[in-house]
Amino acid sequence: MRSHVIFGAGLIGSFIGGILTSLHKNTQLVCRPSIKQKLNNGLTLTDYLGNTIQIKELDFLTLENITQNGSEDFCDFLWITVKCTGIDQVSKEIKPLVGPNTIILCCQNGLGSDRVLQQYYPTNTILRVMIPFNVTEIKPGHLHRGSEGTLCIETPKQRLELVTSLVTLLNTSIMPTSQTTEMQALLWAKLQLNLGNSINALADIPVKAMLEQRNYRLIIAVLMKELLQVTKALQIKLPKLTALPAQYIPVVLSLPNSLFNLVGNKMLTIDPTVRTSMWWDLSQGKKTEIDYLNGAILEAALQVNIECPANKKIISLIKQMEQTNSNARVNIGSGTLLKEIQNAV
């Protein structure tokens, strides 16, 4: 019987896998050969606060050596750390690992990926995981948590003791961990913060440099205001994920640079090299998670008859970029992008 399997271990998955391994938990990583090669000599985990963990050796599992029969191949906890776009395929591949008591943890951005897994495994407990921080690769074998935030695991009443035990284990200085019974509201709050992902991908510059330009912040603020209209209509109360309540974040983002640098200085407490996962997807010519982020807002807006033209425009721009050769990409200037959004609205 396996304990923890991290399926689709990239940056986030390898970071979680490294934490579990450092805590002496039986942990195996399923990842691409290129990732395995980078981690063959061990893993160093660091964060922006100066914490460091060294893992001498990781345990890997390949699809080829997952036995089709026998309960010994089932795992207690199966962490799904692929992008939303890969969930359907992964749902089929994980079947040999899923026993009747396997807990499946969904670690995706946006909304909706858990529904796909629930269709494949209707009798298993599926827990959503909210990961607010950013992980970057400093060099092969060195992963760095570059921003603040607490990983949060969904906690249904019937699994309270089990999840509490897991959270207590994982709650370390390098990866703060908590739990919630209100995951849907929390994911909407996280989605609000993720609305900068698409802008970062279009701007083609680091997140900190993007936030230092008011025009980019104004665009993110417009996207957030549309989301807040939708959540209000759905009667979803967003919890605080930052020092500011959800409704005040667009206000602070809209401030002139001089005031933003004072009031919103915590938003700039981020490594200057950090870029969002959507930027990485576009830079590697991959399909993005835009349908699970901005697209989720449009889907919910239809239920309450609300128009979200800014989010609709951003989806269109990202999908255009998905069709563009990553080597031929040029960044969209803040003024140009703001004008496009204003025209759409």
# chains A, B, ... in the order shown; residues from 1 in each chain; ligands from 1
call {"tool": "residues_around", "arguments": {"residues": "stretch 21-26 of chain A", "least_positions_apart": "3", "cutoff": "10 Å", "atoms": "only C-alpha atoms", "output": "list in words"}}
result
Met1, Arg2, Ser3, His4, Val5, Phe15, Ile16, Gly17, Gly18, Ile53, Gln54, Ile55, Lys56, Glu57, Leu58, Asp59, Leu169, Leu170 and Thr172 of chain A
call {"tool": "write_last_selection", "arguments": {"atoms": "C-alpha atoms", "output": "mmCIF file, in the first residue's frame"}}
result
data_model
loop_
_atom_site.group_PDB
_atom_site.id
_atom_site.type_symbol
_atom_site.label_atom_id
_atom_site.label_comp_id
_atom_site.auth_asym_id
_atom_site.auth_seq_id
_atom_site.Cartn_x
_atom_site.Cartn_y
_atom_site.Cartn_z
ATOM 1 C CA MET A 1 0.000 0.000 0.000
ATOM 2 C CA ARG A 2 1.453 3.341 -1.035
ATOM 3 C CA SER A 3 1.020 6.344 1.252
ATOM 4 C CA HIS A 4 1.329 9.515 -0.854
ATOM 5 C CA VAL A 5 1.569 9.667 -4.653
ATOM 6 C CA PHE A 15 7.484 21.035 -3.952
ATOM 7 C CA ILE A 16 4.690 19.213 -2.084
ATOM 8 C CA GLY A 17 6.396 15.873 -2.712
ATOM 9 C CA GLY A 18 9.639 17.250 -1.354
ATOM 10 C CA ILE A 53 15.172 22.098 3.135
ATOM 11 C CA GLN A 54 17.520 19.568 1.545
ATOM 12 C CA ILE A 55 16.142 16.243 0.300
ATOM 13 C CA LYS A 56 18.870 13.796 -0.661
ATOM 14 C CA GLU A 57 16.725 11.359 -2.620
ATOM 15 C CA LEU A 58 13.216 11.196 -4.082
ATOM 16 C CA ASP A 59 11.198 8.115 -5.003
ATOM 17 C CA LEU A 169 1.738 17.256 9.451
ATOM 18 C CA LEU A 170 2.161 19.624 6.507
ATOM 19 C CA THR A 172 5.579 23.957 8.333
#
call {"tool": "closest_residue", "arguments": {"among": "A:Val252, A:Ile104, A:Leu143, A:Ile94", "to": "A:Glu64", "atoms": "only C-alpha atoms"}}
result
A:Ile94
call {"tool": "residues_around", "arguments": {"residues": "A:Leu187", "least_positions_apart": "2", "cutoff": "9 Å", "atoms": "only C-alpha atoms", "output": "list in words"}}
result
Asn109, Gly110, Leu111, Arg128, Val129, Met130, Glu182, Met183, Gln184, Ala185, Ala189, Lys190, Leu191, Gln192 and Leu238 of chain A
call {"tool": "write_last_selection", "arguments": {"atoms": "all heavy atoms", "output": "mmCIF file, in the first residue's frame"}}
result
data_model
loop_
_atom_site.group_PDB
_atom_site.id
_atom_site.type_symbol
_atom_site.label_atom_id
_atom_site.label_comp_id
_atom_site.auth_asym_id
_atom_site.auth_seq_id
_atom_site.Cartn_x
_atom_site.Cartn_y
_atom_site.Cartn_z
ATOM 1 N N ASN A 109 -5.705 25.303 -10.248
ATOM 2 C CA ASN A 109 -6.248 26.659 -10.226
ATOM 3 C C ASN A 109 -7.683 26.637 -10.744
ATOM 4 O O ASN A 109 -8.107 25.705 -11.420
ATOM 5 C CB ASN A 109 -5.414 27.586 -11.118
ATOM 6 C CG ASN A 109 -4.121 28.010 -10.452
ATOM 7 O OD1 ASN A 109 -4.040 28.120 -9.234
ATOM 8 N ND2 ASN A 109 -3.100 28.250 -11.248
ATOM 9 N N GLY A 110 -8.404 27.713 -10.449
ATOM 10 C CA GLY A 110 -9.724 27.877 -11.045
ATOM 11 C C GLY A 110 -10.782 26.960 -10.452
ATOM 12 O O GLY A 110 -10.638 26.418 -9.364
ATOM 13 N N LEU A 111 -11.851 26.784 -11.230
ATOM 14 C CA LEU A 111 -13.016 26.031 -10.765
ATOM 15 C C LEU A 111 -13.385 24.924 -11.750
ATOM 16 O O LEU A 111 -13.296 25.116 -12.958
ATOM 17 C CB LEU A 111 -14.220 26.979 -10.622
ATOM 18 C CG LEU A 111 -14.052 28.182 -9.681
ATOM 19 C CD1 LEU A 111 -15.231 29.128 -9.836
ATOM 20 C CD2 LEU A 111 -13.930 27.725 -8.243
ATOM 21 N N ARG A 128 -10.640 19.323 -2.566
ATOM 22 C CA ARG A 128 -10.013 20.401 -3.314
ATOM 23 C C ARG A 128 -8.931 21.060 -2.458
ATOM 24 O O ARG A 128 -9.093 21.197 -1.245
ATOM 25 C CB ARG A 128 -11.059 21.419 -3.754
ATOM 26 C CG ARG A 128 -12.035 20.866 -4.775
ATOM 27 C CD ARG A 128 -13.208 21.793 -5.045
ATOM 28 N NE ARG A 128 -14.091 21.889 -3.878
ATOM 29 C CZ ARG A 128 -15.176 22.642 -3.842
ATOM 30 N NH1 ARG A 128 -15.502 23.383 -4.895
ATOM 31 N NH2 ARG A 128 -15.938 22.669 -2.772
ATOM 32 N N VAL A 129 -7.849 21.444 -3.117
ATOM 33 C CA VAL A 129 -6.722 22.076 -2.431
ATOM 34 C C VAL A 129 -6.469 23.431 -3.068
ATOM 35 O O VAL A 129 -6.358 23.539 -4.291
ATOM 36 C CB VAL A 129 -5.451 21.205 -2.522
ATOM 37 C CG1 VAL A 129 -4.285 21.874 -1.795
ATOM 38 C CG2 VAL A 129 -5.714 19.815 -1.950
ATOM 39 N N MET A 130 -6.389 24.460 -2.246
ATOM 40 C CA MET A 130 -6.107 25.807 -2.740
ATOM 41 C C MET A 130 -4.645 26.143 -2.445
ATOM 42 O O MET A 130 -4.210 26.091 -1.300
ATOM 43 C CB MET A 130 -7.037 26.824 -2.073
ATOM 44 C CG MET A 130 -6.999 28.222 -2.678
ATOM 45 S SD MET A 130 -5.641 29.234 -2.047
ATOM 46 C CE MET A 130 -6.155 29.494 -0.350
ATOM 47 N N GLU A 182 -15.307 25.673 3.866
ATOM 48 C CA GLU A 182 -15.936 26.573 2.895
ATOM 49 C C GLU A 182 -15.033 26.744 1.668
ATOM 50 O O GLU A 182 -14.637 27.849 1.312
ATOM 51 C CB GLU A 182 -16.219 27.934 3.544
ATOM 52 C CG GLU A 182 -17.110 27.883 4.764
ATOM 53 C CD GLU A 182 -18.535 27.455 4.428
ATOM 54 O OE1 GLU A 182 -18.939 27.637 3.259
ATOM 55 O OE2 GLU A 182 -19.220 26.934 5.323
ATOM 56 N N MET A 183 -14.703 25.629 1.034
ATOM 57 C CA MET A 183 -13.734 25.680 -0.058
ATOM 58 C C MET A 183 -14.250 26.414 -1.289
ATOM 59 O O MET A 183 -13.486 27.090 -1.979
ATOM 60 C CB MET A 183 -13.310 24.257 -0.440
ATOM 61 C CG MET A 183 -12.271 24.200 -1.561
ATOM 62 S SD MET A 183 -10.755 25.148 -1.209
ATOM 63 C CE MET A 183 -9.875 24.024 -0.140
ATOM 64 N N GLN A 184 -15.540 26.320 -1.603
ATOM 65 C CA GLN A 184 -16.061 26.983 -2.801
ATOM 66 C C GLN A 184 -15.834 28.491 -2.736
ATOM 67 O O GLN A 184 -15.365 29.102 -3.698
ATOM 68 C CB GLN A 184 -17.542 26.677 -2.994
ATOM 69 C CG GLN A 184 -18.129 27.159 -4.318
ATOM 70 C CD GLN A 184 -17.593 26.399 -5.533
ATOM 71 O OE1 GLN A 184 -16.832 25.443 -5.408
ATOM 72 N NE2 GLN A 184 -17.989 26.846 -6.723
ATOM 73 N N ALA A 185 -16.138 29.090 -1.586
ATOM 74 C CA ALA A 185 -15.916 30.526 -1.421
ATOM 75 C C ALA A 185 -14.430 30.846 -1.472
ATOM 76 O O ALA A 185 -14.016 31.859 -2.051
ATOM 77 C CB ALA A 185 -16.509 31.005 -0.098
ATOM 78 N N ALA A 189 -12.305 33.290 -4.038
ATOM 79 C CA ALA A 189 -11.380 34.328 -3.573
ATOM 80 C C ALA A 189 -10.011 34.154 -4.224
ATOM 81 O O ALA A 189 -9.361 35.125 -4.616
ATOM 82 C CB ALA A 189 -11.251 34.269 -2.053
ATOM 83 N N LYS A 190 -9.566 32.907 -4.358
ATOM 84 C CA LYS A 190 -8.302 32.626 -5.032
ATOM 85 C C LYS A 190 -8.399 32.987 -6.511
ATOM 86 O O LYS A 190 -7.458 33.519 -7.109
ATOM 87 C CB LYS A 190 -7.961 31.142 -4.869
ATOM 88 C CG LYS A 190 -6.768 30.653 -5.714
ATOM 89 C CD LYS A 190 -5.466 31.204 -5.234
ATOM 90 C CE LYS A 190 -4.255 30.769 -6.043
ATOM 91 N NZ LYS A 190 -4.316 29.554 -6.811
ATOM 92 N N LEU A 191 -9.559 32.704 -7.113
ATOM 93 C CA LEU A 191 -9.760 33.037 -8.523
ATOM 94 C C LEU A 191 -9.624 34.542 -8.738
ATOM 95 O O LEU A 191 -9.053 34.985 -9.741
ATOM 96 C CB LEU A 191 -11.133 32.552 -8.980
ATOM 97 C CG LEU A 191 -11.549 32.872 -10.429
ATOM 98 C CD1 LEU A 191 -10.502 32.392 -11.419
ATOM 99 C CD2 LEU A 191 -12.908 32.257 -10.741
ATOM 100 N N GLN A 192 -10.132 35.328 -7.794
ATOM 101 C CA GLN A 192 -9.976 36.778 -7.911
ATOM 102 C C GLN A 192 -8.495 37.156 -8.001
ATOM 103 O O GLN A 192 -8.102 37.965 -8.853
ATOM 104 C CB GLN A 192 -10.610 37.487 -6.713
ATOM 105 C CG GLN A 192 -10.448 39.016 -6.782
ATOM 106 C CD GLN A 192 -10.993 39.730 -5.565
ATOM 107 O OE1 GLN A 192 -11.525 39.112 -4.646
ATOM 108 N NE2 GLN A 192 -10.869 41.039 -5.549
ATOM 109 N N LEU A 238 -16.750 36.244 -0.023
ATOM 110 C CA LEU A 238 -15.354 35.870 -0.221
ATOM 111 C C LEU A 238 -14.539 36.081 1.048
ATOM 112 O O LEU A 238 -14.555 37.165 1.639
ATOM 113 C CB LEU A 238 -14.743 36.696 -1.355
ATOM 114 C CG LEU A 238 -15.412 36.576 -2.732
ATOM 115 C CD1 LEU A 238 -14.654 37.393 -3.765
ATOM 116 C CD2 LEU A 238 -15.493 35.116 -3.165
#
call {"tool": "residues_around", "arguments": {"residues": "A:Thr168", "least_positions_apart": "4", "cutoff": "10 Å", "atoms": "only C-alpha atoms", "output": "ChimeraX atom specification"}}
result
/A:163-164,172,176-179
call {"tool": "write_last_selection", "arguments": {"atoms": "N, CA, C and O atoms", "output": "CSV table (one decimal), in the first residue's frame"}}
result
chain,number,residue,atom,x,y,z
A,163,VAL,N,-8.2,14.8,7.8
A,163,VAL,CA,-7.7,16.0,7.2
A,163,VAL,C,-6.9,16.9,8.2
A,163,VAL,O,-5.9,17.4,7.9
A,164,THR,N,-7.5,16.9,9.4
A,164,THR,CA,-6.8,17.7,10.5
A,164,THR,C,-5.4,17.1,10.7
A,164,THR,O,-4.4,17.8,10.9
A,172,THR,N,4.2,23.6,8.0
A,172,THR,CA,5.6,24.0,8.3
A,172,THR,C,5.9,25.4,7.9
A,172,THR,O,5.1,26.0,7.2
A,176,PRO,N,3.2,26.8,4.9
A,176,PRO,CA,2.1,26.9,5.8
A,176,PRO,C,0.8,26.2,5.3
A,176,PRO,O,0.5,26.4,4.1
A,177,THR,N,0.1,25.5,6.1
A,177,THR,CA,-1.0,24.7,5.6
A,177,THR,C,-2.2,24.9,6.6
A,177,THR,O,-2.0,24.9,7.8
A,178,SER,N,-3.4,25.0,6.1
A,178,SER,CA,-4.6,25.1,6.9
A,178,SER,C,-5.7,24.3,6.3
A,178,SER,O,-5.5,23.6,5.3
A,179,GLN,N,-6.9,24.4,6.8
A,179,GLN,CA,-8.1,23.6,6.3
A,179,GLN,C,-9.3,24.5,6.4
A,179,GLN,O,-9.4,25.5,7.1
call {"tool": "residues_around", "arguments": {"residues": "A:Tyr120", "least_positions_apart": "3", "cutoff": "12 Å", "atoms": "only C-alpha atoms", "output": "ChimeraX atom specification"}}
result
/A:87-95,98,104,113-117,123-126
call {"tool": "write_last_selection", "arguments": {"atoms": "N, CA, C and O atoms", "output": "mmCIF file, in the first residue's frame"}}
result
data_model
loop_
_atom_site.group_PDB
_atom_site.id
_atom_site.type_symbol
_atom_site.label_atom_id
_atom_site.label_comp_id
_atom_site.auth_asym_id
_atom_site.auth_seq_id
_atom_site.Cartn_x
_atom_site.Cartn_y
_atom_site.Cartn_z
ATOM 1 N N ILE A 87 -6.717 17.145 -16.775
ATOM 2 C CA ILE A 87 -7.471 16.371 -15.801
ATOM 3 C C ILE A 87 -8.181 15.165 -16.413
ATOM 4 O O ILE A 87 -8.184 14.074 -15.843
ATOM 5 N N ASP A 88 -8.787 15.325 -17.567
ATOM 6 C CA ASP A 88 -9.548 14.214 -18.158
ATOM 7 C C ASP A 88 -8.638 13.032 -18.456
ATOM 8 O O ASP A 88 -8.966 11.882 -18.124
ATOM 9 N N GLN A 89 -7.476 13.283 -19.061
ATOM 10 C CA GLN A 89 -6.539 12.208 -19.385
ATOM 11 C C GLN A 89 -5.995 11.557 -18.116
ATOM 12 O O GLN A 89 -5.913 10.337 -18.000
ATOM 13 N N VAL A 90 -5.645 12.373 -17.143
ATOM 14 C CA VAL A 90 -5.094 11.857 -15.890
ATOM 15 C C VAL A 90 -6.111 11.016 -15.137
ATOM 16 O O VAL A 90 -5.756 10.021 -14.495
ATOM 17 N N SER A 91 -7.394 11.384 -15.238
ATOM 18 C CA SER A 91 -8.439 10.618 -14.557
ATOM 19 C C SER A 91 -8.431 9.160 -14.989
ATOM 20 O O SER A 91 -8.760 8.258 -14.193
ATOM 21 N N LYS A 92 -8.047 8.904 -16.224
ATOM 22 C CA LYS A 92 -7.960 7.527 -16.722
ATOM 23 C C LYS A 92 -6.663 6.864 -16.266
ATOM 24 O O LYS A 92 -6.638 5.685 -15.905
ATOM 25 N N GLU A 93 -5.573 7.618 -16.262
ATOM 26 C CA GLU A 93 -4.250 7.057 -15.963
ATOM 27 C C GLU A 93 -4.086 6.663 -14.494
ATOM 28 O O GLU A 93 -3.305 5.764 -14.180
ATOM 29 N N ILE A 94 -4.799 7.318 -13.597
ATOM 30 C CA ILE A 94 -4.607 7.056 -12.163
ATOM 31 C C ILE A 94 -5.385 5.837 -11.657
ATOM 32 O O ILE A 94 -5.225 5.431 -10.510
ATOM 33 N N LYS A 95 -6.195 5.247 -12.512
ATOM 34 C CA LYS A 95 -7.090 4.164 -12.074
ATOM 35 C C LYS A 95 -6.389 3.070 -11.271
ATOM 36 O O LYS A 95 -6.914 2.627 -10.235
ATOM 37 N N VAL A 98 -6.056 3.999 -7.513
ATOM 38 C CA VAL A 98 -7.235 4.400 -6.731
ATOM 39 C C VAL A 98 -7.961 3.181 -6.178
ATOM 40 O O VAL A 98 -8.575 2.407 -6.911
ATOM 41 N N ILE A 104 -8.427 11.515 -2.923
ATOM 42 C CA ILE A 104 -7.883 12.226 -4.080
ATOM 43 C C ILE A 104 -7.900 13.720 -3.796
ATOM 44 O O ILE A 104 -8.941 14.274 -3.422
ATOM 45 N N SER A 113 -12.295 21.423 -11.979
ATOM 46 C CA SER A 113 -11.525 20.216 -12.267
ATOM 47 C C SER A 113 -11.964 19.037 -11.397
ATOM 48 O O SER A 113 -11.921 17.880 -11.829
ATOM 49 N N ASP A 114 -12.426 19.308 -10.181
ATOM 50 C CA ASP A 114 -12.848 18.227 -9.287
ATOM 51 C C ASP A 114 -14.083 17.501 -9.822
ATOM 52 O O ASP A 114 -14.277 16.316 -9.548
ATOM 53 N N ARG A 115 -14.901 18.219 -10.589
ATOM 54 C CA ARG A 115 -16.118 17.587 -11.133
ATOM 55 C C ARG A 115 -15.767 16.471 -12.104
ATOM 56 O O ARG A 115 -16.478 15.459 -12.187
ATOM 57 N N VAL A 116 -14.688 16.656 -12.846
ATOM 58 C CA VAL A 116 -14.254 15.629 -13.796
ATOM 59 C C VAL A 116 -13.828 14.368 -13.036
ATOM 60 O O VAL A 116 -14.229 13.247 -13.378
ATOM 61 N N LEU A 117 -13.020 14.546 -11.993
ATOM 62 C CA LEU A 117 -12.565 13.401 -11.204
ATOM 63 C C LEU A 117 -13.721 12.705 -10.501
ATOM 64 O O LEU A 117 -13.747 11.481 -10.380
ATOM 65 N N THR A 123 -17.370 7.240 -5.799
ATOM 66 C CA THR A 123 -17.441 6.757 -4.419
ATOM 67 C C THR A 123 -16.229 7.165 -3.583
ATOM 68 O O THR A 123 -16.198 6.905 -2.372
ATOM 69 N N ASN A 124 -15.237 7.777 -4.211
ATOM 70 C CA ASN A 124 -14.050 8.209 -3.464
ATOM 71 C C ASN A 124 -14.229 9.607 -2.896
ATOM 72 O O ASN A 124 -14.991 10.417 -3.432
ATOM 73 N N THR A 125 -13.511 9.887 -1.828
ATOM 74 C CA THR A 125 -13.485 11.236 -1.276
ATOM 75 C C THR A 125 -12.532 12.076 -2.110
ATOM 76 O O THR A 125 -11.356 11.726 -2.254
ATOM 77 N N ILE A 126 -13.044 13.163 -2.675
ATOM 78 C CA ILE A 126 -12.227 14.073 -3.479
ATOM 79 C C ILE A 126 -12.182 15.422 -2.786
ATOM 80 O O ILE A 126 -13.217 16.058 -2.570
#
call {"tool": "residues_around", "arguments": {"residues": "A:Ile80", "least_positions_apart": "5", "cutoff": "7 Å", "atoms": "only C-alpha atoms", "output": "PyMOL selection string"}}
result
chain A and resi 6-8+105-107
call {"tool": "write_last_selection", "arguments": {"atoms": "all heavy atoms", "output": "compact mmCIF listing (two decimals), in the first residue's frame"}}
result
# COMPACT_ATOMS: atom_id res chain seq x y z
N ILE A 6 2.26 11.70 -5.74
CA ILE A 6 2.08 13.01 -6.38
C ILE A 6 2.03 12.76 -7.88
O ILE A 6 3.04 12.42 -8.49
CB ILE A 6 3.24 13.98 -6.06
CG1 ILE A 6 3.60 13.93 -4.58
CG2 ILE A 6 2.89 15.37 -6.53
CD1 ILE A 6 2.53 14.43 -3.66
N PHE A 7 0.85 12.89 -8.47
CA PHE A 7 0.67 12.54 -9.88
C PHE A 7 0.74 13.82 -10.73
O PHE A 7 -0.06 14.73 -10.56
CB PHE A 7 -0.66 11.84 -10.11
CG PHE A 7 -0.70 11.01 -11.36
CD1 PHE A 7 -0.50 9.65 -11.31
CD2 PHE A 7 -0.91 11.60 -12.59
CE1 PHE A 7 -0.52 8.87 -12.45
CE2 PHE A 7 -0.92 10.85 -13.75
CZ PHE A 7 -0.73 9.48 -13.69
N GLY A 8 1.70 13.84 -11.65
CA GLY A 8 1.91 15.03 -12.48
C GLY A 8 2.79 16.04 -11.79
O GLY A 8 2.52 17.24 -11.82
N LEU A 105 -6.74 14.34 -3.94
CA LEU A 105 -6.63 15.78 -3.66
C LEU A 105 -6.39 16.53 -4.97
O LEU A 105 -5.40 16.26 -5.68
CB LEU A 105 -5.49 16.05 -2.68
CG LEU A 105 -5.68 15.41 -1.30
CD1 LEU A 105 -4.79 14.18 -1.16
CD2 LEU A 105 -5.40 16.39 -0.18
N CYS A 106 -7.29 17.45 -5.31
CA CYS A 106 -7.20 18.24 -6.55
C CYS A 106 -6.46 19.55 -6.27
O CYS A 106 -6.95 20.37 -5.49
CB CYS A 106 -8.59 18.56 -7.08
SG CYS A 106 -9.54 17.14 -7.56
N CYS A 107 -5.35 19.74 -6.92
CA CYS A 107 -4.52 20.93 -6.67
C CYS A 107 -4.48 21.85 -7.89
O CYS A 107 -3.40 22.30 -8.30
CB CYS A 107 -3.10 20.49 -6.30
SG CYS A 107 -3.00 19.37 -4.91
call {"tool": "residues_around", "arguments": {"residues": "A:Lys36", "least_positions_apart": "2", "cutoff": "10 Å", "atoms": "only C-alpha atoms", "output": "list in words"}}
result
Ala9, Gly10, Ser14, Leu29, Val30, Cys31, Arg32, Pro33, Ser34, Lys38, Leu39, Asn40, Asn41, Gly42, Leu58, Asp59, Phe60, Leu61 and Gly141 of chain A
call {"tool": "write_last_selection", "arguments": {"atoms": "all heavy atoms", "output": "compact mmCIF listing (two decimals), in the first residue's frame"}}
result
# COMPACT_ATOMS: atom_id res chain seq x y z
N ALA A 9 3.84 15.55 -11.14
CA ALA A 9 4.71 16.42 -10.35
C ALA A 9 5.52 17.35 -11.23
O ALA A 9 6.47 16.94 -11.89
CB ALA A 9 5.64 15.58 -9.47
N GLY A 10 5.12 18.63 -11.22
CA GLY A 10 5.91 19.68 -11.87
C GLY A 10 6.49 20.54 -10.77
O GLY A 10 7.06 20.03 -9.81
N SER A 14 6.22 18.77 -7.21
CA SER A 14 7.53 18.39 -6.69
C SER A 14 7.81 19.08 -5.36
O SER A 14 8.46 18.51 -4.47
CB SER A 14 8.62 18.75 -7.71
OG SER A 14 8.46 18.01 -8.90
N LEU A 29 6.68 10.15 -6.68
CA LEU A 29 6.35 11.18 -7.67
C LEU A 29 6.17 10.55 -9.04
O LEU A 29 7.01 9.75 -9.48
CB LEU A 29 7.45 12.24 -7.75
CG LEU A 29 7.45 13.36 -6.70
CD1 LEU A 29 7.69 12.79 -5.31
CD2 LEU A 29 8.52 14.40 -7.04
N VAL A 30 5.07 10.89 -9.71
CA VAL A 30 4.87 10.52 -11.10
C VAL A 30 5.06 11.80 -11.92
O VAL A 30 4.33 12.77 -11.74
CB VAL A 30 3.46 9.95 -11.34
CG1 VAL A 30 3.28 9.59 -12.82
CG2 VAL A 30 3.20 8.73 -10.46
N CYS A 31 6.07 11.80 -12.78
CA CYS A 31 6.39 13.03 -13.52
C CYS A 31 6.98 12.69 -14.88
O CYS A 31 7.26 11.53 -15.19
CB CYS A 31 7.37 13.89 -12.71
SG CYS A 31 8.91 13.04 -12.28
N ARG A 32 7.16 13.73 -15.67
CA ARG A 32 7.77 13.55 -16.98
C ARG A 32 9.25 13.17 -16.82
O ARG A 32 9.89 13.55 -15.82
CB ARG A 32 7.67 14.83 -17.81
CG ARG A 32 6.24 15.24 -18.14
CD ARG A 32 6.21 16.39 -19.14
NE ARG A 32 6.92 17.55 -18.64
CZ ARG A 32 6.36 18.50 -17.89
NH1 ARG A 32 5.08 18.40 -17.55
NH2 ARG A 32 7.07 19.54 -17.49
N PRO A 33 9.82 12.44 -17.79
CA PRO A 33 11.24 12.07 -17.71
C PRO A 33 12.16 13.27 -17.52
O PRO A 33 13.17 13.18 -16.81
CB PRO A 33 11.49 11.38 -19.05
CG PRO A 33 10.15 10.82 -19.44
CD PRO A 33 9.15 11.83 -18.95
N SER A 34 11.82 14.41 -18.13
CA SER A 34 12.66 15.60 -18.01
C SER A 34 12.69 16.12 -16.58
O SER A 34 13.72 16.61 -16.10
CB SER A 34 12.17 16.70 -18.96
OG SER A 34 10.82 17.04 -18.68
N LYS A 38 15.97 16.10 -13.67
CA LYS A 38 16.38 17.26 -12.88
C LYS A 38 16.45 16.95 -11.39
O LYS A 38 17.21 17.57 -10.66
CB LYS A 38 15.40 18.42 -13.11
CG LYS A 38 15.45 19.03 -14.50
CD LYS A 38 14.42 20.14 -14.62
CE LYS A 38 14.43 20.77 -16.01
NZ LYS A 38 13.46 21.87 -16.14
N LEU A 39 15.62 15.98 -10.95
CA LEU A 39 15.51 15.69 -9.52
C LEU A 39 16.24 14.43 -9.10
O LEU A 39 16.18 14.03 -7.94
CB LEU A 39 14.02 15.56 -9.14
CG LEU A 39 13.12 16.76 -9.47
CD1 LEU A 39 11.68 16.47 -9.05
CD2 LEU A 39 13.62 18.02 -8.78
N ASN A 40 16.97 13.81 -10.03
CA ASN A 40 17.64 12.54 -9.74
C ASN A 40 18.69 12.65 -8.63
O ASN A 40 19.00 11.67 -7.97
CB ASN A 40 18.29 11.98 -11.01
CG ASN A 40 17.38 10.99 -11.72
OD1 ASN A 40 16.50 10.39 -11.11
ND2 ASN A 40 17.58 10.82 -13.02
N ASN A 41 19.27 13.83 -8.47
CA ASN A 41 20.31 14.02 -7.46
C ASN A 41 19.79 14.67 -6.19
O ASN A 41 20.56 15.20 -5.38
CB ASN A 41 21.46 14.85 -8.04
CG ASN A 41 22.16 14.13 -9.18
OD1 ASN A 41 22.39 12.93 -9.11
ND2 ASN A 41 22.49 14.87 -10.24
N GLY A 42 18.47 14.64 -6.01
CA GLY A 42 17.89 15.23 -4.82
C GLY A 42 17.21 16.56 -5.12
O GLY A 42 17.14 17.00 -6.27
N LEU A 58 14.66 11.29 -3.87
CA LEU A 58 13.22 11.20 -4.08
C LEU A 58 12.88 9.84 -4.68
O LEU A 58 13.72 9.20 -5.33
CB LEU A 58 12.74 12.31 -5.01
CG LEU A 58 12.87 13.74 -4.49
CD1 LEU A 58 12.72 14.74 -5.63
CD2 LEU A 58 11.86 14.03 -3.40
N ASP A 59 11.66 9.39 -4.48
CA ASP A 59 11.20 8.12 -5.00
C ASP A 59 10.25 8.39 -6.16
O ASP A 59 9.29 9.15 -6.03
CB ASP A 59 10.49 7.34 -3.90
CG ASP A 59 10.16 5.90 -4.30
OD1 ASP A 59 10.64 5.46 -5.38
OD2 ASP A 59 9.43 5.22 -3.56
N PHE A 60 10.53 7.78 -7.31
CA PHE A 60 9.73 8.03 -8.50
C PHE A 60 8.94 6.78 -8.90
O PHE A 60 9.33 5.64 -8.64
CB PHE A 60 10.63 8.45 -9.67
CG PHE A 60 11.36 9.73 -9.43
CD1 PHE A 60 12.66 9.71 -8.94
CD2 PHE A 60 10.76 10.95 -9.67
CE1 PHE A 60 13.35 10.89 -8.70
CE2 PHE A 60 11.43 12.14 -9.43
CZ PHE A 60 12.73 12.10 -8.94
N LEU A 61 7.82 7.04 -9.53
CA LEU A 61 6.94 5.98 -10.01
C LEU A 61 6.57 6.32 -11.45
O LEU A 61 6.25 7.47 -11.76
CB LEU A 61 5.69 5.92 -9.14
CG LEU A 61 4.62 4.87 -9.44
CD1 LEU A 61 5.17 3.47 -9.19
CD2 LEU A 61 3.39 5.11 -8.56
N GLY A 141 16.75 20.91 -9.78
CA GLY A 141 16.90 20.38 -8.43
C GLY A 141 16.76 21.42 -7.33
O GLY A 141 16.97 21.11 -6.15
call {"tool": "closest_residue", "arguments": {"among": "A:Leu202, A:Leu282, A:Val135, A:Leu78", "to": "A:Glu148", "atoms": "only C-alpha atoms"}}
result
A:Val135
call {"tool": "select_by_dssp", "arguments": {"residues": "stretch 73-249 of chain A", "states": "strand (DSSP E)", "output": "MDAnalysis selection string"}}
result
chainID A and resid 75:80 103:106 125:130 135:139 142:145 151:154 177:180
call {"tool": "closest_residue", "arguments": {"among": "A:Leu234, A:Val304, A:Val274, A:Met175", "to": "A:Asn51", "atoms": "only C-alpha atoms"}}
result
A:Met175
call {"tool": "atom_distance", "arguments": {"atom1": "atom CA of A:Lys312", "atom2": "atom CA of A:Pro239"}}
result
25.1 Å
call {"tool": "closest_residue", "arguments": {"among": "A:Tyr121, A:Tyr48, A:Trp279, A:Phe133", "to": "A:Leu241", "atoms": "only C-alpha atoms"}}
result
A:Phe133
